[in-house]
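Text of protein-v3.cif (mmCIF, C-alpha atoms, pLDDT in the B column; chains and numbers go by the auth columns) as supplied:
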data_final
loop_
_atom_site.group_PDB
_atom_site.id
_atom_site.type_symbol
_atom_site.label_atom_id
_atom_site.label_comp_id
_atom_site.label_asym_id
_atom_site.label_seq_id
_atom_site.Cartn_x
_atom_site.Cartn_y
_atom_site.Cartn_z
_atom_site.B_iso_or_equiv
_atom_site.auth_seq_id
_atom_site.auth_asym_id
ATOM 1 C CA MET A 1 16.338 -53.490 21.124 93.00 160 L
ATOM 2 C CA SER A 2 17.741 -51.291 18.366 97.00 161 L
ATOM 3 C CA ILE A 3 15.588 -49.500 15.801 98.00 162 L
ATOM 4 C CA LEU A 4 16.782 -47.692 12.655 98.00 163 L
ATOM 5 C CA VAL A 5 14.729 -44.825 11.214 98.00 164 L
ATOM 6 C CA THR A 6 15.756 -43.657 7.756 98.00 165 L
ATOM 7 C CA GLY A 7 14.377 -41.325 5.116 96.00 166 L
ATOM 8 C CA GLY A 8 15.228 -38.336 3.006 93.00 167 L
ATOM 9 C CA ALA A 9 16.000 -34.848 4.224 88.00 168 L
ATOM 10 C CA ARG A 10 13.008 -33.173 5.903 88.00 169 L
ATOM 11 C CA SER A 11 10.974 -36.396 5.565 93.00 170 L
ATOM 12 C CA GLY A 12 9.703 -36.379 9.153 94.00 171 L
ATOM 13 C CA LYS A 13 12.049 -39.114 10.336 95.00 172 L
ATOM 14 C CA SER A 14 13.299 -37.206 13.392 93.00 173 L
ATOM 15 C CA SER A 15 9.796 -36.344 14.604 92.00 174 L
ATOM 16 C CA PHE A 16 8.724 -39.959 14.146 96.00 175 L
ATOM 17 C CA ALA A 17 11.841 -41.229 15.953 96.00 176 L
ATOM 18 C CA GLU A 18 11.200 -38.867 18.865 93.00 177 L
ATOM 19 C CA ARG A 19 7.571 -39.995 19.205 93.00 178 L
ATOM 20 C CA LEU A 20 8.598 -43.643 18.896 96.00 179 L
ATOM 21 C CA THR A 21 11.318 -43.343 21.532 96.00 180 L
ATOM 22 C CA LEU A 22 9.034 -41.628 24.037 93.00 181 L
ATOM 23 C CA SER A 23 6.308 -44.215 23.407 94.00 182 L
ATOM 24 C CA LEU A 24 8.782 -46.918 24.413 94.00 183 L
ATOM 25 C CA ALA A 25 10.193 -45.000 27.387 93.00 184 L
ATOM 26 C CA GLY A 26 8.743 -41.898 29.015 87.00 185 L
ATOM 27 C CA GLN A 27 12.200 -40.343 29.285 91.00 186 L
ATOM 28 C CA ALA A 28 15.303 -40.842 27.174 95.00 187 L
ATOM 29 C CA PHE A 29 18.756 -39.607 26.337 96.00 188 L
ATOM 30 C CA TYR A 30 18.855 -37.568 23.139 95.00 189 L
ATOM 31 C CA VAL A 31 22.271 -37.821 21.484 97.00 190 L
ATOM 32 C CA ALA A 32 22.762 -34.976 19.006 95.00 191 L
ATOM 33 C CA THR A 33 25.624 -35.317 16.529 96.00 192 L
ATOM 34 C CA GLY A 34 25.429 -31.985 14.679 88.00 193 L
ATOM 35 C CA GLN A 35 28.169 -29.389 14.751 86.00 194 L
ATOM 36 C CA ALA A 36 27.662 -25.680 14.141 82.00 195 L
ATOM 37 C CA PHE A 37 30.037 -24.690 11.350 82.00 196 L
ATOM 38 C CA ASP A 38 27.943 -21.743 10.169 88.00 197 L
ATOM 39 C CA GLU A 39 25.234 -19.380 11.400 92.00 198 L
ATOM 40 C CA GLU A 40 22.375 -21.336 9.845 91.00 199 L
ATOM 41 C CA MET A 41 23.452 -24.553 11.593 84.00 200 L
ATOM 42 C CA LYS A 42 23.917 -22.666 14.872 85.00 201 L
ATOM 43 C CA ALA A 43 20.312 -21.493 14.597 89.00 202 L
ATOM 44 C CA ARG A 44 19.064 -25.019 13.825 84.00 203 L
ATOM 45 C CA ILE A 45 20.894 -26.479 16.811 81.00 204 L
ATOM 46 C CA ALA A 46 19.586 -23.722 19.101 85.00 205 L
ATOM 47 C CA LEU A 47 16.020 -24.375 17.928 84.00 206 L
ATOM 48 C CA HIS A 48 16.354 -28.130 18.532 80.00 207 L
ATOM 49 C CA ARG A 49 17.801 -27.522 22.009 79.00 208 L
ATOM 50 C CA GLN A 50 14.919 -25.190 22.842 82.00 209 L
ATOM 51 C CA GLN A 51 12.333 -27.698 21.602 77.00 210 L
ATOM 52 C CA ARG A 52 13.813 -30.478 23.729 76.00 211 L
ATOM 53 C CA GLU A 53 13.967 -28.210 26.797 76.00 212 L
ATOM 54 C CA GLU A 54 10.298 -27.321 26.324 77.00 213 L
ATOM 55 C CA SER A 55 9.296 -30.992 26.172 71.00 214 L
ATOM 56 C CA GLY A 56 8.833 -31.154 29.922 70.00 215 L
ATOM 57 C CA GLY A 57 11.973 -32.987 30.921 74.00 216 L
ATOM 58 C CA GLN A 58 11.441 -35.986 28.658 91.00 217 L
ATOM 59 C CA TRP A 59 14.907 -35.640 27.116 92.00 218 L
ATOM 60 C CA GLU A 60 18.384 -35.426 28.577 92.00 219 L
ATOM 61 C CA THR A 61 20.515 -34.100 25.738 90.00 220 L
ATOM 62 C CA LEU A 62 24.075 -35.175 25.093 94.00 221 L
ATOM 63 C CA GLU A 63 26.092 -33.791 22.198 93.00 222 L
ATOM 64 C CA GLU A 64 28.657 -36.074 20.586 97.00 223 L
ATOM 65 C CA PRO A 65 29.860 -35.213 17.095 96.00 224 L
ATOM 66 C CA LEU A 66 32.737 -37.721 16.820 97.00 225 L
ATOM 67 C CA ASP A 67 33.107 -40.551 19.347 98.00 226 L
ATOM 68 C CA LEU A 68 29.572 -41.893 19.164 98.00 227 L
ATOM 69 C CA PRO A 69 30.633 -45.550 19.582 98.00 228 L
ATOM 70 C CA ALA A 70 32.265 -44.826 22.949 98.00 229 L
ATOM 71 C CA LEU A 71 29.262 -42.814 24.138 98.00 230 L
ATOM 72 C CA LEU A 72 26.884 -45.646 23.234 98.00 231 L
ATOM 73 C CA GLU A 73 29.071 -48.087 25.134 97.00 232 L
ATOM 74 C CA ARG A 74 28.873 -45.834 28.207 97.00 233 L
ATOM 75 C CA LEU A 75 25.089 -45.476 27.862 97.00 234 L
ATOM 76 C CA SER A 76 24.434 -49.186 27.311 95.00 235 L
ATOM 77 C CA GLY A 77 22.014 -50.344 29.966 93.00 236 L
ATOM 78 C CA VAL A 78 20.011 -47.123 30.227 94.00 237 L
ATOM 79 C CA LYS A 79 16.339 -47.456 29.340 94.00 238 L
ATOM 80 C CA ALA A 80 16.301 -45.507 26.059 97.00 239 L
ATOM 81 C CA VAL A 81 18.598 -43.531 23.769 98.00 240 L
ATOM 82 C CA LEU A 82 17.791 -41.646 20.563 98.00 241 L
ATOM 83 C CA VAL A 83 20.687 -40.747 18.233 98.00 242 L
ATOM 84 C CA ASP A 84 19.999 -38.017 15.672 96.00 243 L
ATOM 85 C CA CYS A 85 21.631 -38.347 13.258 95.00 244 L
ATOM 86 C CA LEU A 86 24.090 -40.927 11.983 98.00 245 L
ATOM 87 C CA THR A 87 24.762 -39.275 8.635 97.00 246 L
ATOM 88 C CA LEU A 88 25.777 -36.052 10.389 95.00 247 L
ATOM 89 C CA TRP A 89 28.079 -38.149 12.585 98.00 248 L
ATOM 90 C CA LEU A 90 29.515 -39.799 9.461 98.00 249 L
ATOM 91 C CA SER A 91 30.120 -36.392 7.884 96.00 250 L
ATOM 92 C CA ASN A 92 31.904 -35.230 11.049 96.00 251 L
ATOM 93 C CA VAL A 93 34.133 -38.314 11.075 97.00 252 L
ATOM 94 C CA LEU A 94 34.905 -37.990 7.369 96.00 253 L
ATOM 95 C CA LEU A 95 35.837 -34.318 7.736 94.00 254 L
ATOM 96 C CA ALA A 96 37.976 -35.068 10.819 96.00 255 L
ATOM 97 C CA VAL A 97 40.277 -37.241 8.692 96.00 256 L
ATOM 98 C CA GLU A 98 40.182 -35.004 5.606 91.00 257 L
ATOM 99 C CA GLY A 99 43.445 -34.967 3.700 90.00 258 L
ATOM 100 C CA GLN A 100 44.707 -38.226 5.175 93.00 259 L
ATOM 101 C CA ALA A 101 45.699 -40.886 2.666 92.00 260 L
ATOM 102 C CA ASP A 102 43.893 -43.630 4.610 96.00 261 L
ATOM 103 C CA ARG A 103 40.728 -41.619 5.307 95.00 262 L
ATOM 104 C CA GLN A 104 38.324 -44.183 3.839 96.00 263 L
ATOM 105 C CA GLU A 105 39.887 -46.975 5.898 97.00 264 L
ATOM 106 C CA ARG A 106 39.771 -44.861 9.069 97.00 265 L
ATOM 107 C CA VAL A 107 36.117 -43.950 8.533 98.00 266 L
ATOM 108 C CA GLU A 108 35.264 -47.602 7.851 98.00 267 L
ATOM 109 C CA GLN A 109 36.956 -48.496 11.162 98.00 268 L
ATOM 110 C CA GLU A 110 34.735 -45.961 12.947 98.00 269 L
ATOM 111 C CA ILE A 111 31.663 -47.415 11.248 98.00 270 L
ATOM 112 C CA ALA A 112 32.734 -50.883 12.438 98.00 271 L
ATOM 113 C CA ARG A 113 33.113 -49.522 15.974 98.00 272 L
ATOM 114 C CA LEU A 114 29.628 -48.032 15.729 98.00 273 L
ATOM 115 C CA GLU A 115 28.198 -51.317 14.454 98.00 274 L
ATOM 116 C CA HIS A 116 29.743 -53.136 17.425 98.00 275 L
ATOM 117 C CA SER A 117 28.324 -50.560 19.861 98.00 276 L
ATOM 118 C CA VAL A 118 24.852 -50.934 18.357 98.00 277 L
ATOM 119 C CA ALA A 119 25.030 -54.738 18.372 97.00 278 L
ATOM 120 C CA SER A 120 26.019 -54.854 22.038 97.00 279 L
ATOM 121 C CA PHE A 121 23.710 -52.060 23.267 98.00 280 L
ATOM 122 C CA GLN A 122 21.485 -53.065 26.177 97.00 281 L
ATOM 123 C CA GLY A 123 18.241 -51.085 26.265 97.00 282 L
ATOM 124 C CA THR A 124 16.218 -49.308 23.612 97.00 283 L
ATOM 125 C CA LEU A 125 18.300 -47.545 20.984 98.00 284 L
ATOM 126 C CA VAL A 126 16.665 -45.528 18.195 98.00 285 L
ATOM 127 C CA LEU A 127 18.982 -44.409 15.406 98.00 286 L
ATOM 128 C CA VAL A 128 18.091 -41.739 12.828 98.00 287 L
ATOM 129 C CA THR A 129 19.905 -41.669 9.495 98.00 288 L
ATOM 130 C CA ASN A 130 19.428 -40.187 6.046 96.00 289 L
ATOM 131 C CA GLU A 131 18.791 -42.314 2.997 95.00 290 L
ATOM 132 C CA VAL A 132 21.304 -40.788 0.588 91.00 291 L
ATOM 133 C CA GLY A 133 21.352 -43.380 -2.181 82.00 292 L
ATOM 134 C CA ASP A 134 18.105 -42.394 -3.893 83.00 293 L
ATOM 135 C CA GLY A 135 19.482 -39.283 -5.576 80.00 294 L
ATOM 136 C CA ILE A 136 21.861 -38.551 -8.396 85.00 295 L
ATOM 137 C CA VAL A 137 25.503 -39.612 -8.374 87.00 296 L
ATOM 138 C CA PRO A 138 27.458 -36.783 -6.709 89.00 297 L
ATOM 139 C CA GLU A 139 29.720 -34.809 -9.045 92.00 298 L
ATOM 140 C CA TYR A 140 32.722 -34.754 -6.703 92.00 299 L
ATOM 141 C CA ALA A 141 34.820 -37.616 -5.326 91.00 300 L
ATOM 142 C CA LEU A 142 34.207 -36.623 -1.683 92.00 301 L
ATOM 143 C CA GLY A 143 30.451 -36.635 -2.269 93.00 302 L
ATOM 144 C CA ARG A 144 30.608 -40.070 -3.885 94.00 303 L
ATOM 145 C CA LEU A 145 32.740 -41.407 -1.031 95.00 304 L
ATOM 146 C CA TYR A 146 30.280 -40.003 1.519 95.00 305 L
ATOM 147 C CA ARG A 147 27.297 -41.511 -0.299 96.00 306 L
ATOM 148 C CA ASP A 148 29.011 -44.903 -0.523 96.00 307 L
ATOM 149 C CA LEU A 149 30.052 -44.883 3.140 97.00 308 L
ATOM 150 C CA ALA A 150 26.574 -43.797 4.256 97.00 309 L
ATOM 151 C CA GLY A 151 24.954 -46.559 2.231 96.00 310 L
ATOM 152 C CA ARG A 152 27.262 -49.206 3.698 97.00 311 L
ATOM 153 C CA MET A 153 26.822 -47.826 7.222 98.00 312 L
ATOM 154 C CA ASN A 154 23.034 -47.853 6.901 98.00 313 L
ATOM 155 C CA ALA A 155 23.028 -51.427 5.567 97.00 314 L
ATOM 156 C CA LEU A 156 25.320 -52.668 8.369 98.00 315 L
ATOM 157 C CA LEU A 157 23.229 -51.012 11.061 98.00 316 L
ATOM 158 C CA ALA A 158 19.934 -52.154 9.541 97.00 317 L
ATOM 159 C CA ARG A 159 21.170 -55.731 9.929 96.00 318 L
ATOM 160 C CA GLN A 160 21.866 -55.093 13.621 97.00 319 L
ATOM 161 C CA CYS A 161 18.465 -53.523 14.298 97.00 320 L
ATOM 162 C CA ARG A 162 15.326 -55.445 15.159 96.00 321 L
ATOM 163 C CA GLN A 163 13.144 -52.867 13.409 97.00 322 L
ATOM 164 C CA VAL A 164 13.765 -50.548 10.474 98.00 323 L
ATOM 165 C CA PHE A 165 11.441 -47.753 9.351 98.00 324 L
ATOM 166 C CA LEU A 166 11.514 -45.630 6.204 97.00 325 L
ATOM 167 C CA VAL A 167 9.796 -42.267 6.610 97.00 326 L
ATOM 168 C CA THR A 168 8.519 -40.497 3.498 96.00 327 L
ATOM 169 C CA ALA A 169 6.303 -37.385 3.561 95.00 328 L
ATOM 170 C CA GLY A 170 5.922 -37.870 7.310 95.00 329 L
ATOM 171 C CA ILE A 171 4.583 -41.402 6.923 97.00 330 L
ATOM 172 C CA PRO A 172 6.599 -44.208 8.539 97.00 331 L
ATOM 173 C CA VAL A 173 6.683 -47.538 6.716 96.00 332 L
ATOM 174 C CA GLU A 174 8.070 -50.523 8.588 96.00 333 L
ATOM 175 C CA LEU A 175 10.680 -52.254 6.411 95.00 334 L
ATOM 176 C CA LYS A 176 11.842 -54.807 8.963 93.00 335 L
ATOM 177 C CA SER A 177 9.898 -55.920 11.991 88.00 336 L
ATOM 178 C CA ARG A 178 10.694 -57.871 15.114 66.00 337 L
ATOM 179 C CA GLU A 179 8.573 -60.707 13.753 59.00 338 L
ATOM 180 C CA TYR A 180 10.737 -60.798 10.622 53.00 339 L
ATOM 181 C CA LEU A 181 13.619 -62.105 12.718 49.00 340 L
ATOM 182 C CA LEU A 182 11.678 -64.864 14.453 43.00 341 L
#

Could you write out this file's structure as structure tokens?
Amino acid sequence: MSILVTGGARSGKSSFAERLTLSLAGQAFYVATGQAFDEEMKARIALHRQQREESGGQWETLEEPLDLPALLERLSGVKAVLVDCLTLWLSNVLLAVEGQADRQERVEQEIARLEHSVASFQGTLVLVTNEVGDGIVPEYALGRLYRDLAGRMNALLARQCRQVFLVTAGIPVELKSREYLL
């Protein structure tokens, strides 16, 4: 069963996703997609690592900034996996093909690979992503491309997931339930 958890920045979506994952499975893989490009991000990543280590062995952390679809295919069949977060992964993929004429097409291919990995995943998979379409239209072309790709990615993955939650001000609201599909 796949579950998508979305919300704005600092909305509480990661904390909710962590609690949800551990309620479904006492232990899980935690797939972190962030990359440390500056000191502030290095500190954030270090803090998150420390918090997971202090959780009493509930998480086994894997870091995968780029080839998330392949990692999910390898992990398919394990009891539970939490991926945090898809929009960071998307940013990493977009920056990896920066300057290439076919960058949008290449990123869309990676999103399609991810969608396939999610659709075929066996076990519990909880995906965290940012809702980026509620704000203003970005001033720069790269920002608009990122927003558009993130919106399409989120919509594609929401269709593949049996449950979808929106977290606002720390409060999760179920947008799509298992019963909805029956």

Mind checking which residues fall within 9 Å of Gln217 in chain L, counting all atoms listed in the file, ignoring those fewer than 2 positions away in the same chain, and posting them as a list in words?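 That gives Leu181, Gly185, Gln186, Ala187, Phe188, Arg211, Glu212, Ser214, Gly215 and Glu219 of chain L.
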
Atom pair CA of Leu325 in chain L / CA of Glu232 in chain L: separation (Å):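 Between CA of Leu325 in chain L and CA of Glu232 in chain L the gap works out to 25.9 Å.
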
Between L:Gln194, L:Ser276, L:Gln281, L:Asn313, which residue has the minimum interatomic distance to Thr246 in chain L, considering only C-alpha atoms?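 For Thr246 in chain L, the nearest of the given residues is L:Asn313.
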
Name the residues captured by the PyMOL selection byres ((chain L and resi 334) around 9) when it is applied to the shown file; answer as a ChimeraX atom specification. /L:322-325,332-333,335-336

Distance CA of Arg272 in chain L-CA of Tyr189 in chain L, one decimal place?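 The value is 19.9 Å.
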